[in-house]
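Asker: Okay, handing you the structure first.
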Amino acid sequence: MIWLKAALLAGLLSGSLVTVVPDVMAAEGRNVCRRGERLRIQDLDMSPDPVFEGQRVRGWKVRIRLDGQRQCETEIVVREGKEVVGRERSYNLKPGVNVVEVPAADGFRFRGREQCFDVEVDLEKSRQRVDADRRFCAQQKTVWSMSKGR
């Protein structure tokens, strides 16, 4: 009777290990970006720029610098406050400057006189705001633009 209980317990434990191990191996195999990775946003642009009244933003171009020796994969999202304005997508970043295009979120429209944006990445299942060289804001003059010269 004891051997039957031991066999049943071993079967249950091995079944749970089989389902857990592939998830861990998949995460390690993907080479995800870690919390210690040094990421910095160098530039954020929108397309089109300028945006006329009633026109939608089609996408965001993010110049992100990865200081390190290895490639890593992360999810990138563009936010204005709590609102997602650039849809989350997975990107493989290489050491140095990477230019990634993030599709605009459906339904995003400019409002007010100025809107400022942040870029967030997923570092080990934790969403983190990425430091930037400057603030990225669009102002409404006659049109919405992120360019300083318009």
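Every chain in the structure tokens has a letter given in the order shown (A, B, ...), and although residue numbers restart at 1 in each chain, ligands are simply numbered from 1 in the order shown.
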Near Gln115 (chain A), within 12 Å and counting only C-alpha atoms, which residues show up once chain neighbours fewer than 6 positions away are dropped, as a list in words?
Answerer: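 Here the answer would be Arg79, Glu80, Gly81, Glu83, Val85, Phe108, Arg109, Arg135, Phe136, Cys137, Ala138, Gln139, Gln140, Trp144, Ser145 and Met146 of chain A.
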Asker: Run DSSP on the backbone of this structure and report the residues of region 14-141 of chain A it assigns to strand (DSSP E), as a PyMOL selection string.
Answerer: chain A and resi 38-47+59-67+72-80+83-93+96-103+114-123+126-129+136-140
Asker: With only C-alpha atoms as the atoms that count, which of A:Glu73, A:Gln55, A:Val102, A:Gly68 lies nearest to Glu124 (chain A)?
Answerer: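 Under the stated criterion, the closest residue is A:Glu73.
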Asker: Give me, please, the distance in Å between CA of Leu44 (chain A) and CA of Asn31 (chain A), quoted to one decimal.
Answerer: 25.1 Å
Asker: Name the closest residue to Leu123 (chain A) among the candidates A:Thr74, A:Thr142, A:Ser47, A:Ser90; distances are taken between atoms, counting only C-alpha atoms.
Answerer: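 Of A:Thr74, A:Thr142, A:Ser47, A:Ser90, the one nearest Leu123 (chain A) is A:Thr74, counting only C-alpha atoms.
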Asker: Just how far from CA of Lys141 (chain A) is CA of Glu114 (chain A), in Å to one decimal?
Answerer: 9.5 Å
Asker: Set the distance at 10 Å and use only C-alpha atoms: which residues neighbour Glu101 (chain A) once local chain neighbours fewer than 5 positions away are removed? I'd like the list as a ChimeraX atom specification.
Answerer: /A:44-47,59-63,76,86,89,91
Asker: Mind pulling up the distance from CA of Arg134 (chain A) to CA of Gly54 (chain A)?
Answerer: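 Between these atoms lies a distance of 27.7 Å.
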Asker: Taking only C-alpha atoms into account, which of A:Val77, A:Ala104, A:Val51, A:Val84 comes nearest Arg127 (chain A)?
Answerer: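 Of A:Val77, A:Ala104, A:Val51, A:Val84, the one nearest Arg127 (chain A), counting only C-alpha atoms, is A:Val77.
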Asker: Let me make sure I understand: among A:Glu88, A:Cys33, A:Val130, A:Pro48, which one has the smallest atom-to-atom distance to Ile64 (chain A) if we use only C-alpha atoms?
Answerer: A:Val130
Asker: Excluding same-chain residues fewer than 2 positions from Arg70 (chain A), what lies within 12 Å of it counting only C-alpha atoms, as a ChimeraX atom specification?
Answerer: /A:31-34,37-38,66-68,72-73,92-96
Asker: Can you write out the residues you just picked, keeping C-alpha atoms, as an mmCIF file, in the first residue's frame?
Answerer:
```cif
data_model
loop_
_atom_site.group_PDB
_atom_site.id
_atom_site.type_symbol
_atom_site.label_atom_id
_atom_site.label_comp_id
_atom_site.auth_asym_id
_atom_site.auth_seq_id
_atom_site.Cartn_x
_atom_site.Cartn_y
_atom_site.Cartn_z
ATOM 1 C CA ASN A 31 16.531 36.050 -23.920
ATOM 2 C CA VAL A 32 14.215 38.560 -22.252
ATOM 3 C CA CYS A 33 15.466 41.958 -21.106
ATOM 4 C CA ARG A 34 16.294 42.013 -17.404
ATOM 5 C CA GLU A 37 19.645 46.211 -18.570
ATOM 6 C CA ARG A 38 20.389 49.891 -19.227
ATOM 7 C CA LEU A 66 20.468 49.390 -25.109
ATOM 8 C CA ASP A 67 23.812 49.573 -23.309
ATOM 9 C CA GLY A 68 25.006 46.029 -22.926
ATOM 10 C CA CYS A 72 17.274 40.998 -25.462
ATOM 11 C CA GLU A 73 13.544 40.825 -26.122
ATOM 12 C CA ASN A 92 14.248 42.182 -30.128
ATOM 13 C CA LEU A 93 16.716 44.908 -29.101
ATOM 14 C CA LYS A 94 20.385 44.803 -30.084
ATOM 15 C CA PRO A 95 23.196 46.615 -28.233
ATOM 16 C CA GLY A 96 23.342 50.233 -29.374
#
```
